[in-house]
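Visitor: Please read through the structure below; I'll follow up with questions.
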Amino acid sequence: MRHFGHIAPQVRQRLFHREPCDFTADSPARVLAVALGATLYSPANRPTLAEDIRKQAKRGLISMVVCLEDSIEDSEVPQAEENVVRQFAELADGPVGDLPLLFVRVRTPEQIPDLVRRLGASATLLSGFVLPKFTEERGVPFLEALTATEGASGRRLFAMPVLESPELLHLESRRETLDGIARTVDKYRDRVLALRLGVTDFCSAYGLRRPPDMTAYDVQIVASVIADVVNLLGRSDGTGFTVTGPVWEYFRLQERMFKPQLRRSPFLAGRADELRRELIEHDLDGLLREIELDRANGLLGKTCIHPSHVLPVHALSVVSHEEYSDARDILRPERDGGGVMRSAYTNKMNEVKPHRAWAERTLQRAEVFGVAGEDVGFVELLAAGLSG
């Protein structure tokens, strides 16, 4: 699989200075953690789940979570588990090379070995589990179950803990909770692919819901938690983890809104501005601003609950030619001693030592999302992805 692999090779060549790399579910964890991109959630009880997974994979989806937790009613869990087993078997009967990374969000630790056992041979399609309301006390049993199941099945399984508990939000318990989470995920570092933020649960604790013209960073009580999570768990000194961006709840945008424009080449003069106006008019502006703020605050990737969010997340994850140029200059071997230089774009100063960690992260992102051409921006990438 590869990001933007669903669009024609000749279009990719026009879009990218450096194309995204190929990777598989067996690639190193450091690659997969960056490559997650927009992780689409789907309720586990959908009768067309296998069909939906294949459909979204053809549209560029790289990671997906089948949810047995909050997205379904308590009474529906047994039937939803049966559906997961049935739908995975259907997926395994067809071509599996083009499937996304698949995770199951469970409710209890006991579900992990039980589901892997019931999945049988189709468990090879599973990349891991999403662990809800993660704290040290609640998280350890999940990670123990995952480790034991991995050993019994012989299949590498990753965990993606969701940080969404009230203990993490409340000021009086936040530091203790964060310290406990840090101890736990460090102990199971090889199993933890990424940490996910459950901002909807944070807002729920105070009866809040952000409107579509506000980002998570406009809700100060939420922004403070994000800052503390990144502060302790997202460091670039080798102790940190990939922390993914919060969910965007609004999805009035439909791809068909753009189809009339996309019948004409998005690379013609004036088309980019016109499409950009369409994006803003159809309530995507808030999502775009939040994605940019996610990256500015140290987050990578995003939880998504609607397919229309996937391509915007991926398009804004592509490294610009300017970013790539700066990162390469900063990391040149002859610059190991430090120093400062004017950027190749002659619009900023690149200071080698302070910017080194940023440059390393940028090149990691460039590896999996690619580097845009000099005159290619977000709108062109989005338009090509929708047309592909």
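By convention here, the chains of the structure tokens are called A, B, ... in the order presented, each chain's residues are numbered starting at 1, and ligands are numbered starting at 1 in the order presented.
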Can you tell me which residues surround Glu19 (chain A) at a distance of at most 10 Å, considering only C-alpha atoms, apart from same-chain residues fewer than 5 positions away, and format the answer as a list in words?

Guide: Arg2, His3, Phe4, Gly5, Pro9, Arg12, Gln13, Arg14, Val318, Ala366, Glu367, Val368, Phe369, Gly370, Val371, Ala372 and Gly373 of chain A

Visitor: Pull all heavy atoms from the residues just selected and write them as a compact mmCIF listing (two decimals), in the first residue's frame.

Guide:
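Output (selection.txt):
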```txt
# COMPACT_ATOMS: atom_id res chain seq x y z
N ARG A 2 0.30 2.35 -0.42
CA ARG A 2 1.00 3.64 -0.39
C ARG A 2 -0.02 4.75 -0.42
O ARG A 2 -1.12 4.59 -0.95
CB ARG A 2 1.99 3.79 -1.54
CG ARG A 2 1.32 3.92 -2.90
CD ARG A 2 2.21 4.66 -3.89
NE ARG A 2 3.37 3.90 -4.30
CZ ARG A 2 4.27 4.36 -5.16
NH1 ARG A 2 4.13 5.59 -5.66
NH2 ARG A 2 5.30 3.64 -5.51
N HIS A 3 0.33 5.87 0.19
CA HIS A 3 -0.56 7.03 0.13
C HIS A 3 -0.62 7.56 -1.30
O HIS A 3 0.39 7.61 -2.00
CB HIS A 3 -0.08 8.12 1.08
CG HIS A 3 -0.43 7.84 2.51
ND1 HIS A 3 -1.71 7.94 2.99
CD2 HIS A 3 0.34 7.44 3.56
CE1 HIS A 3 -1.72 7.64 4.27
NE2 HIS A 3 -0.50 7.32 4.64
N PHE A 4 -1.83 7.90 -1.72
CA PHE A 4 -2.12 8.37 -3.07
C PHE A 4 -1.85 7.30 -4.12
O PHE A 4 -1.74 7.60 -5.31
CB PHE A 4 -1.33 9.66 -3.39
CG PHE A 4 -1.69 10.81 -2.50
CD1 PHE A 4 -0.95 11.07 -1.35
CD2 PHE A 4 -2.77 11.62 -2.77
CE1 PHE A 4 -1.28 12.11 -0.50
CE2 PHE A 4 -3.11 12.67 -1.94
CZ PHE A 4 -2.37 12.91 -0.80
N GLY A 5 -1.78 6.05 -3.68
CA GLY A 5 -1.58 4.96 -4.62
C GLY A 5 -2.80 4.70 -5.49
O GLY A 5 -2.71 3.97 -6.47
N PRO A 9 -0.45 6.72 -12.06
CA PRO A 9 0.99 7.01 -11.91
C PRO A 9 1.41 8.31 -12.59
O PRO A 9 2.23 9.05 -12.04
CB PRO A 9 1.65 5.79 -12.56
CG PRO A 9 0.64 4.69 -12.42
CD PRO A 9 -0.69 5.35 -12.55
N ARG A 12 0.52 11.16 -10.33
CA ARG A 12 1.45 11.23 -9.21
C ARG A 12 2.76 11.87 -9.62
O ARG A 12 3.34 12.66 -8.87
CB ARG A 12 1.71 9.84 -8.62
CG ARG A 12 0.57 9.27 -7.79
CD ARG A 12 1.10 8.23 -6.82
NE ARG A 12 1.88 7.20 -7.47
CZ ARG A 12 1.37 6.07 -7.98
NH1 ARG A 12 0.08 5.84 -7.92
NH2 ARG A 12 2.16 5.19 -8.54
N GLN A 13 3.24 11.53 -10.79
CA GLN A 13 4.50 12.10 -11.25
C GLN A 13 4.42 13.61 -11.39
O GLN A 13 5.40 14.33 -11.14
CB GLN A 13 4.90 11.46 -12.59
CG GLN A 13 5.32 10.00 -12.46
CD GLN A 13 5.53 9.33 -13.81
OE1 GLN A 13 5.52 9.99 -14.85
NE2 GLN A 13 5.70 8.03 -13.79
N ARG A 14 3.24 14.12 -11.79
CA ARG A 14 3.06 15.56 -11.92
C ARG A 14 2.93 16.23 -10.55
O ARG A 14 3.34 17.37 -10.37
CB ARG A 14 1.80 15.87 -12.74
CG ARG A 14 1.85 15.37 -14.18
CD ARG A 14 1.04 16.24 -15.12
NE ARG A 14 -0.27 16.61 -14.62
CZ ARG A 14 -1.40 15.98 -14.91
NH1 ARG A 14 -1.36 14.90 -15.67
NH2 ARG A 14 -2.54 16.42 -14.45
N VAL A 318 1.07 15.76 3.24
CA VAL A 318 2.16 15.76 2.27
C VAL A 318 3.13 16.89 2.62
O VAL A 318 2.73 18.00 2.97
CB VAL A 318 1.61 15.94 0.84
CG1 VAL A 318 2.75 16.11 -0.17
CG2 VAL A 318 0.74 14.74 0.46
N ALA A 366 7.84 12.81 4.95
CA ALA A 366 8.08 12.82 3.50
C ALA A 366 8.19 11.41 2.95
O ALA A 366 7.78 11.13 1.82
CB ALA A 366 9.35 13.61 3.20
N GLU A 367 8.76 10.50 3.75
CA GLU A 367 8.93 9.13 3.29
C GLU A 367 7.59 8.48 2.97
O GLU A 367 7.44 7.82 1.95
CB GLU A 367 9.66 8.32 4.36
CG GLU A 367 9.91 6.86 3.97
CD GLU A 367 10.62 6.08 5.07
OE1 GLU A 367 10.87 6.66 6.15
OE2 GLU A 367 10.91 4.89 4.85
N VAL A 368 6.59 8.68 3.84
CA VAL A 368 5.33 7.95 3.65
C VAL A 368 4.25 8.77 2.93
O VAL A 368 3.38 8.19 2.26
CB VAL A 368 4.77 7.44 4.99
CG1 VAL A 368 5.68 6.40 5.58
CG2 VAL A 368 4.54 8.56 5.96
N PHE A 369 4.30 10.11 3.03
CA PHE A 369 3.29 10.93 2.36
C PHE A 369 3.82 11.60 1.09
O PHE A 369 3.04 12.16 0.32
CB PHE A 369 2.75 11.99 3.31
CG PHE A 369 1.82 11.45 4.35
CD1 PHE A 369 2.27 11.22 5.65
CD2 PHE A 369 0.51 11.14 4.04
CE1 PHE A 369 1.42 10.72 6.61
CE2 PHE A 369 -0.35 10.63 5.00
CZ PHE A 369 0.10 10.41 6.29
N GLY A 370 5.13 11.57 0.90
CA GLY A 370 5.70 12.17 -0.29
C GLY A 370 5.98 13.65 -0.13
O GLY A 370 5.64 14.28 0.88
N VAL A 371 6.62 14.21 -1.15
CA VAL A 371 6.96 15.63 -1.20
C VAL A 371 6.29 16.22 -2.43
O VAL A 371 6.46 15.74 -3.55
CB VAL A 371 8.49 15.83 -1.29
CG1 VAL A 371 8.83 17.32 -1.38
CG2 VAL A 371 9.18 15.17 -0.11
N ALA A 372 5.50 17.26 -2.22
CA ALA A 372 4.79 17.89 -3.33
C ALA A 372 5.76 18.60 -4.27
O ALA A 372 6.85 19.03 -3.87
CB ALA A 372 3.78 18.89 -2.79
N GLY A 373 5.35 18.72 -5.53
CA GLY A 373 6.13 19.51 -6.48
C GLY A 373 6.18 20.96 -6.05
O GLY A 373 5.39 21.42 -5.22
```

Visitor: Mind listing the helix (DSSP H, G or I) residues of region 305-360 of chain A, per DSSP on the backbone, as JSON, numbers by chain?

Guide: {"A": [307, 308, 309, 310, 311, 312, 313, 314, 315, 316, 317, 321, 322, 323, 324, 325, 326, 327, 328, 329, 330, 333, 334, 335, 352, 353, 354, 355, 356, 357, 358, 359, 360]}

Visitor: Export, as an mmCIF file, in the first residue's frame, the selected residues with N, CA and C atoms.

Guide:
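Output contents, as saved in result_13.cif:
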```
data_model
loop_
_atom_site.group_PDB
_atom_site.id
_atom_site.type_symbol
_atom_site.label_atom_id
_atom_site.label_comp_id
_atom_site.auth_asym_id
_atom_site.auth_seq_id
_atom_site.Cartn_x
_atom_site.Cartn_y
_atom_site.Cartn_z
ATOM 1 N N PRO A 307 -15.881 9.319 5.565
ATOM 2 C CA PRO A 307 -14.903 9.148 4.479
ATOM 3 C C PRO A 307 -14.466 10.456 3.834
ATOM 4 N N SER A 308 -15.316 11.487 3.864
ATOM 5 C CA SER A 308 -14.957 12.753 3.217
ATOM 6 C C SER A 308 -13.805 13.461 3.921
ATOM 7 N N HIS A 309 -13.436 13.016 5.129
ATOM 8 C CA HIS A 309 -12.336 13.639 5.855
ATOM 9 C C HIS A 309 -10.977 13.034 5.503
ATOM 10 N N VAL A 310 -10.977 11.877 4.880
ATOM 11 C CA VAL A 310 -9.727 11.132 4.693
ATOM 12 C C VAL A 310 -8.753 11.880 3.784
ATOM 13 N N LEU A 311 -9.214 12.254 2.602
ATOM 14 C CA LEU A 311 -8.303 12.905 1.657
ATOM 15 C C LEU A 311 -7.797 14.265 2.138
ATOM 16 N N PRO A 312 -8.625 15.103 2.771
ATOM 17 C CA PRO A 312 -8.061 16.344 3.312
ATOM 18 C C PRO A 312 -6.930 16.102 4.302
ATOM 19 N N VAL A 313 -7.095 15.100 5.186
ATOM 20 C CA VAL A 313 -6.028 14.790 6.138
ATOM 21 C C VAL A 313 -4.764 14.370 5.403
ATOM 22 N N HIS A 314 -4.907 13.519 4.402
ATOM 23 C CA HIS A 314 -3.738 13.037 3.673
ATOM 24 C C HIS A 314 -3.093 14.148 2.840
ATOM 25 N N ALA A 315 -3.926 14.978 2.218
ATOM 26 C CA ALA A 315 -3.377 16.048 1.387
ATOM 27 C C ALA A 315 -2.576 17.044 2.226
ATOM 28 N N LEU A 316 -3.049 17.331 3.428
ATOM 29 C CA LEU A 316 -2.327 18.258 4.297
ATOM 30 C C LEU A 316 -1.156 17.593 5.015
ATOM 31 N N SER A 317 -1.024 16.283 4.877
ATOM 32 C CA SER A 317 0.116 15.577 5.466
ATOM 33 C C SER A 317 1.297 15.494 4.514
ATOM 34 N N HIS A 321 7.369 21.229 -0.870
ATOM 35 C CA HIS A 321 8.723 21.279 -1.409
ATOM 36 C C HIS A 321 9.613 22.185 -0.556
ATOM 37 N N GLU A 322 9.034 23.255 -0.029
ATOM 38 C CA GLU A 322 9.799 24.175 0.811
ATOM 39 C C GLU A 322 10.217 23.513 2.121
ATOM 40 N N GLU A 323 9.286 22.794 2.764
ATOM 41 C CA GLU A 323 9.629 22.081 3.999
ATOM 42 C C GLU A 323 10.747 21.073 3.745
ATOM 43 N N TYR A 324 10.612 20.337 2.653
ATOM 44 C CA TYR A 324 11.594 19.302 2.311
ATOM 45 C C TYR A 324 12.966 19.924 2.075
ATOM 46 N N SER A 325 12.976 21.033 1.360
ATOM 47 C CA SER A 325 14.237 21.717 1.089
ATOM 48 C C SER A 325 14.904 22.167 2.385
ATOM 49 N N ASP A 326 14.118 22.737 3.293
ATOM 50 C CA ASP A 326 14.670 23.172 4.581
ATOM 51 C C ASP A 326 15.196 21.988 5.381
ATOM 52 N N ALA A 327 14.413 20.907 5.439
ATOM 53 C CA ALA A 327 14.818 19.743 6.232
ATOM 54 C C ALA A 327 16.102 19.129 5.699
ATOM 55 N N ARG A 328 16.206 19.009 4.393
ATOM 56 C CA ARG A 328 17.423 18.443 3.796
ATOM 57 C C ARG A 328 18.634 19.323 4.098
ATOM 58 N N ASP A 329 18.451 20.623 3.994
ATOM 59 C CA ASP A 329 19.573 21.526 4.268
ATOM 60 C C ASP A 329 20.035 21.405 5.715
ATOM 61 N N ILE A 330 19.081 21.331 6.629
ATOM 62 C CA ILE A 330 19.419 21.257 8.056
ATOM 63 C C ILE A 330 20.166 19.976 8.388
ATOM 64 N N PRO A 333 25.253 16.396 6.273
ATOM 65 C CA PRO A 333 26.349 15.968 7.175
ATOM 66 C C PRO A 333 27.297 17.088 7.535
ATOM 67 N N GLU A 334 27.567 17.981 6.584
ATOM 68 C CA GLU A 334 28.518 19.054 6.869
ATOM 69 C C GLU A 334 27.968 20.070 7.861
ATOM 70 N N ARG A 335 26.670 19.938 8.191
ATOM 71 C CA ARG A 335 26.053 20.851 9.158
ATOM 72 C C ARG A 335 26.005 20.266 10.564
ATOM 73 N N VAL A 352 20.476 25.071 12.634
ATOM 74 C CA VAL A 352 20.674 23.627 12.513
ATOM 75 C C VAL A 352 20.305 22.870 13.787
ATOM 76 N N LYS A 353 20.885 23.235 14.919
ATOM 77 C CA LYS A 353 20.638 22.449 16.129
ATOM 78 C C LYS A 353 19.200 22.550 16.631
ATOM 79 N N PRO A 354 18.609 23.728 16.759
ATOM 80 C CA PRO A 354 17.220 23.801 17.242
ATOM 81 C C PRO A 354 16.204 23.174 16.278
ATOM 82 N N HIS A 355 16.509 23.192 14.979
ATOM 83 C CA HIS A 355 15.545 22.696 13.994
ATOM 84 C C HIS A 355 15.794 21.247 13.580
ATOM 85 N N ARG A 356 16.804 20.602 14.157
ATOM 86 C CA ARG A 356 17.146 19.239 13.729
ATOM 87 C C ARG A 356 16.001 18.256 13.965
ATOM 88 N N ALA A 357 15.394 18.277 15.147
ATOM 89 C CA ALA A 357 14.313 17.330 15.437
ATOM 90 C C ALA A 357 13.134 17.544 14.490
ATOM 91 N N TRP A 358 12.833 18.813 14.202
ATOM 92 C CA TRP A 358 11.765 19.100 13.237
ATOM 93 C C TRP A 358 12.119 18.531 11.863
ATOM 94 N N ALA A 359 13.350 18.701 11.451
ATOM 95 C CA ALA A 359 13.777 18.218 10.135
ATOM 96 C C ALA A 359 13.689 16.700 10.052
ATOM 97 N N GLU A 360 14.083 16.014 11.116
ATOM 98 C CA GLU A 360 14.011 14.554 11.119
ATOM 99 C C GLU A 360 12.569 14.086 11.013
#
```

Visitor: Dump as a tab-separated table the rows for residues of region 352-388 of chain A within 12 Å of region 40-60 of chain A: closest atom pair and distance in Å with one decimal, only C-alpha atoms counted, ordered by chain and rising residue number.

Guide:
```
residue	atom	partner	partner_atom	distance
A:Phe369	CA	A:Gly60	CA	11.7
A:Leu382	CA	A:Gly60	CA	11.2
A:Ala384	CA	A:Arg59	CA	11.1
A:Gly385	CA	A:Arg59	CA	7.6
A:Leu386	CA	A:Arg59	CA	7.8
A:Ser387	CA	A:Arg59	CA	9.5
A:Gly388	CA	A:Arg59	CA	7.4
```

Visitor: Would you output that residue set with C-alpha atoms, as a compact mmCIF listing (two decimals), in the first residue's frame?

Guide:
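Saved file again.txt follows:
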```
# COMPACT_ATOMS: atom_id res chain seq x y z
CA PHE A 369 3.29 10.93 2.36
CA LEU A 382 -7.10 16.96 -2.83
CA ALA A 384 -6.37 14.68 -7.77
CA GLY A 385 -7.27 12.35 -4.91
CA LEU A 386 -11.00 12.90 -5.42
CA SER A 387 -10.67 12.40 -9.16
CA GLY A 388 -8.55 9.27 -8.76
```

Visitor: Between CA of Thr346 (chain A) and CA of Glu290 (chain A), measure the distance and give it in Å to one decimal.

Guide: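 So the answer is 28.1 Å.
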
Visitor: Using only C-alpha atoms, can you tell me which of A:Thr242, A:Asn83, A:Thr108, A:Thr200 comes closest to Val222 (chain A)?

Guide: A:Thr200

Visitor: For Met1 (chain A), which residue among A:Thr177, A:Thr39, A:Thr303, A:Ser63 is the nearest when counting only C-alpha atoms?

Guide: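 Among A:Thr177, A:Thr39, A:Thr303, A:Ser63, it is A:Ser63 that comes nearest to Met1 (chain A).
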
Visitor: By how many Å are CA of Val247 (chain A) and CA of Tyr188 (chain A) apart?

Guide: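 Rounded to one decimal, the two atoms are 25.3 Å apart.
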
Visitor: Write out as a list in words each polymer residue whose atoms come within 8 Å of region 163-175 of chain A, counting only C-alpha atoms; drop sequence neighbours fewer than 5 positions from it.

Guide: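 Counting only C-alpha atoms, the residues come to Pro132, Lys133, Phe134, Thr135, Leu195, Arg196, Leu197, Gly198, Val199, Asp201, Phe202, Ala205, Val222 and Val225 of chain A.
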
Visitor: Tell me, in Å to one decimal, how far CA of Gln220 (chain A) is from CA of Cys203 (chain A).

Guide: 10.5 Å

Visitor: I need the residue nearest Gly301 (chain A) from this list: A:Pro113, A:Val84, A:Ala35, A:Ala223. Use only C-alpha atoms for the distance.

Guide: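 Closest to Gly301 (chain A) of all the choices is A:Ala35.
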
Visitor: Residues of region 69-308 of chain A in strand (DSSP E) according to DSSP, as a list of chain:residue names?

Guide: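 Everything in region 69-308 of chain A that counts as strand (DSSP E) is A:Leu101, A:Leu102, A:Phe103, A:Val104, A:Arg105, A:Leu126, A:Ser127, A:Gly128, A:Phe129, A:Val130, A:Leu131, A:Phe158, A:Ala159, A:Met160, A:Pro161, A:Val162, A:Leu163, A:Leu195, A:Arg196, A:Leu197, A:Val243, A:Thr244, A:Gly245, A:Pro246, A:Val247, A:Trp248, A:Lys302, A:Thr303, A:Cys304.
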
Visitor: Export, as an mmCIF file, in the first residue's frame, the selected residues with C-alpha atoms.

Guide:
```cif
data_model
loop_
_atom_site.group_PDB
_atom_site.id
_atom_site.type_symbol
_atom_site.label_atom_id
_atom_site.label_comp_id
_atom_site.auth_asym_id
_atom_site.auth_seq_id
_atom_site.Cartn_x
_atom_site.Cartn_y
_atom_site.Cartn_z
ATOM 1 C CA LEU A 101 -4.349 -1.518 8.204
ATOM 2 C CA LEU A 102 -7.260 -2.903 10.239
ATOM 3 C CA PHE A 103 -7.784 -2.470 13.983
ATOM 4 C CA VAL A 104 -10.652 -3.419 16.302
ATOM 5 C CA ARG A 105 -11.695 -1.140 19.131
ATOM 6 C CA LEU A 126 -5.662 -7.672 11.797
ATOM 7 C CA SER A 127 -2.976 -5.121 12.678
ATOM 8 C CA GLY A 128 -4.058 -4.646 16.274
ATOM 9 C CA PHE A 129 -6.538 -3.225 18.768
ATOM 10 C CA VAL A 130 -7.664 0.189 19.939
ATOM 11 C CA LEU A 131 -7.863 0.376 23.726
ATOM 12 C CA PHE A 158 -0.205 -3.376 17.886
ATOM 13 C CA ALA A 159 -2.095 -1.370 20.481
ATOM 14 C CA MET A 160 -3.445 2.128 20.025
ATOM 15 C CA PRO A 161 -4.541 3.416 23.461
ATOM 16 C CA VAL A 162 -7.185 6.147 23.466
ATOM 17 C CA LEU A 163 -6.517 8.911 25.988
ATOM 18 C CA LEU A 195 -1.649 7.214 21.125
ATOM 19 C CA ARG A 196 -5.062 8.558 20.175
ATOM 20 C CA LEU A 197 -6.857 11.519 21.747
ATOM 21 C CA VAL A 243 0.060 11.162 19.083
ATOM 22 C CA THR A 244 -2.826 11.443 16.627
ATOM 23 C CA GLY A 245 -5.210 14.351 16.179
ATOM 24 C CA PRO A 246 -8.749 14.430 17.608
ATOM 25 C CA VAL A 247 -11.873 13.532 15.681
ATOM 26 C CA TRP A 248 -13.720 16.096 13.559
ATOM 27 C CA LYS A 302 -6.307 12.085 12.735
ATOM 28 C CA THR A 303 -9.311 10.117 13.914
ATOM 29 C CA CYS A 304 -12.073 10.340 11.292
#
```
